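Visitor: Please find one structure pasted underneath; my questions will follow.
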Amino acid sequence: MTAPDAAELRRRTEDLLAAHPPAGTAPADFLKARFDAGLAWVHFPAGLGGLGAPRSLQSVVDAELAAAGAPDNDPRRIGIGLGMAAPTILAYGTDEQKRRFLRPLWVGDEVWCQLFSEPGAGSDLAALATRAVRDDTGERTGERGGEPSGGGDWIVNGQKVWTSSAHLARWAILIARTDPALPKHQGISYFICDMTDPGVEVRPLRQITGEAEFNEVFLTDVRIPDAHRLGPVGDGWKVARTTLMNERVSIGGARLPREGGMIGQVSRTWRERPELRTHELHQRLLALWVEAEVARLTGERLRQQLAVGRPGPEGSGLKLSFARLNQEISGLEVELLGDDGLLYDDWTMRRPELVDFTGREAGYRYLRSKGNSIEGGTSEVLLNIVAERVLGLPAEPRDDKDVAWKDLAR
């Protein structure tokens, strides 16, 4: 089958709109029809939300649908599924896994979370201690969600932390240690965990904003069928790197219009309230505006590169820039507003469904942006990745790469 070109995609989009007029179709039904028409991810295979078209042509579909006022999914709510779980399942999942998980993920029927970081393995993720032990002789799960358990179940015990949306999630991408006798980057396997299963306990972590969008998750004798393993046993670090590289692109390289994101907020305030302006703040705003525009265009260029392959370490640089800019821009906004910038009096404990940087006050943006240099990979770790894998600088000396994980000091 020949991959469709831009004209063919426009025709297919027109057919979708004619069969499912946005004004008379429930948003959820429209999204399902869009997925089934192959217009969700046009570069995905046919039958899995795509048509095998070049990734760069997704913008053709998006523009046509936006012009027609068609509903879209909300990456703020299901971003982990869209940006991290989906590309990993596409790369390493079985045909059964792809058919089971991709459609409800894309339309937003099922929220995903990420069970990676641990209290003793945050920046050094490969040092994780959560254990998955295969149970070939005990109770079999049997049929789970229409899929056979395959070669036995895995029993998982451990603790994860900083888990966004765990309180909303139906599924989680999980990495656990399956062979402690191997070095820490080996002996890790990658699983899909049912967050509704017995033994999964989610506890809120209250943040500096007063909210609890993050969680800690305790796993006690959680039984995961082998059919929910992604990639070979012991090759989980390789699978996880696919997730992490996509995560950094999805965080740092979100598609934005000019003056989108935080720079738009402070720019509007500057235009609307001339009494707040000073020469020094003007110079800082101009410099940050230029940096934000450079970052936006760099993100667009990176997405074009992704049209012909998987994300590489360059996404780490984009995520680094995203975190720094958000923190500097939100700091400038608070200074510009003066006393008004300090107003933040709602410390109510909330469990939000999404992170909304633009619909809140400046004080919220200032506080929430502090986490941008931690989540999705700390800035310190990303600097190492850029230095070693992008610039080709010598790696830092390490004495733990060839030592069995069980023999490492922890």
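Chain lettering (A, B, ...) mirrors the order of the structure tokens, residue numbering begins at 1 for each chain separately, and ligand numbering begins at 1 in order of display.
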Can you tell me, as a list of chain:residue names, what residues are no more than 9 Å from range 155-157 of chain A when counting only C-alpha atoms, ignoring any on the same chain fewer than 4 positions away?
Guide: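 My list of contacting residues is A:Thr130, A:Arg131, A:Ala132, A:Val133, A:Arg134, A:Asp135, A:Ala176, A:Gly199, A:Phe218, A:Leu219, A:Thr220, A:Asp221, A:Val222, A:Arg223, A:Ile224, A:Pro225.
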Visitor: Mind dumping the selected residues with C-alpha atoms as a PDB file, in the first residue's frame?
Guide:
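Final output, again.pdb:
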ATOM      1  CA  THR A 130      11.780  -2.603  42.724  1.00  0.00           C
ATOM      2  CA  ARG A 131      11.860  -6.352  42.109  1.00  0.00           C
ATOM      3  CA  ALA A 132       9.876  -8.503  39.709  1.00  0.00           C
ATOM      4  CA  VAL A 133      10.154 -12.236  40.320  1.00  0.00           C
ATOM      5  CA  ARG A 134       8.717 -14.716  37.874  1.00  0.00           C
ATOM      6  CA  ASP A 135       6.122 -17.148  39.218  1.00  0.00           C
ATOM      7  CA  ALA A 176      11.624  -3.411  37.680  1.00  0.00           C
ATOM      8  CA  GLY A 199      -1.347  -4.528  45.928  1.00  0.00           C
ATOM      9  CA  PHE A 218       3.636   1.175  46.771  1.00  0.00           C
ATOM     10  CA  LEU A 219       3.642  -2.212  45.025  1.00  0.00           C
ATOM     11  CA  THR A 220       3.037  -5.197  47.285  1.00  0.00           C
ATOM     12  CA  ASP A 221       2.913  -8.644  45.659  1.00  0.00           C
ATOM     13  CA  VAL A 222       1.392  -7.127  42.522  1.00  0.00           C
ATOM     14  CA  ARG A 223       0.805  -9.840  39.940  1.00  0.00           C
ATOM     15  CA  ILE A 224       1.562  -8.850  36.331  1.00  0.00           C
ATOM     16  CA  PRO A 225       0.976 -11.333  33.510  1.00  0.00           C
TER      17      PRO A 225
END
Visitor: If you run DSSP on the backbone here, which positions in range 211-341 of chain A get helix (DSSP H, G or I)? Please write them as a ChimeraX atom specification.
Guide: /A:226-228,236-252,262-272,274-276,279-306,314-341
Visitor: Would you mind reading off the distance between CA of Leu182 in chain A and CA of Pro232 in chain A, one decimal, in Å?
Guide: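 Calculated distance between CA of Leu182 in chain A and CA of Pro232 in chain A is 15.2 Å.
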Visitor: Which of these residues is nearest to Gly392 in chain A, using only C-alpha atoms: A:Val294, A:Ala53, A:Pro313, A:Leu16?
Guide: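 Among the listed residues, the smallest separation from Gly392 in chain A belongs to A:Pro313.
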Visitor: CA of Leu39 in chain A and CA of Tyr92 in chain A, how far apart in Å?
Guide: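 Distance reported for this atom pair: 21.8 Å.
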Visitor: Given only C-alpha atoms as the basis, pick out the residue of A:Ala18, A:Val233, A:Ala240, A:Ile329 nearest to Ser267 in chain A.
Guide: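 When distances to Ser267 in chain A are compared using only C-alpha atoms, the smallest one comes from A:Ile329.
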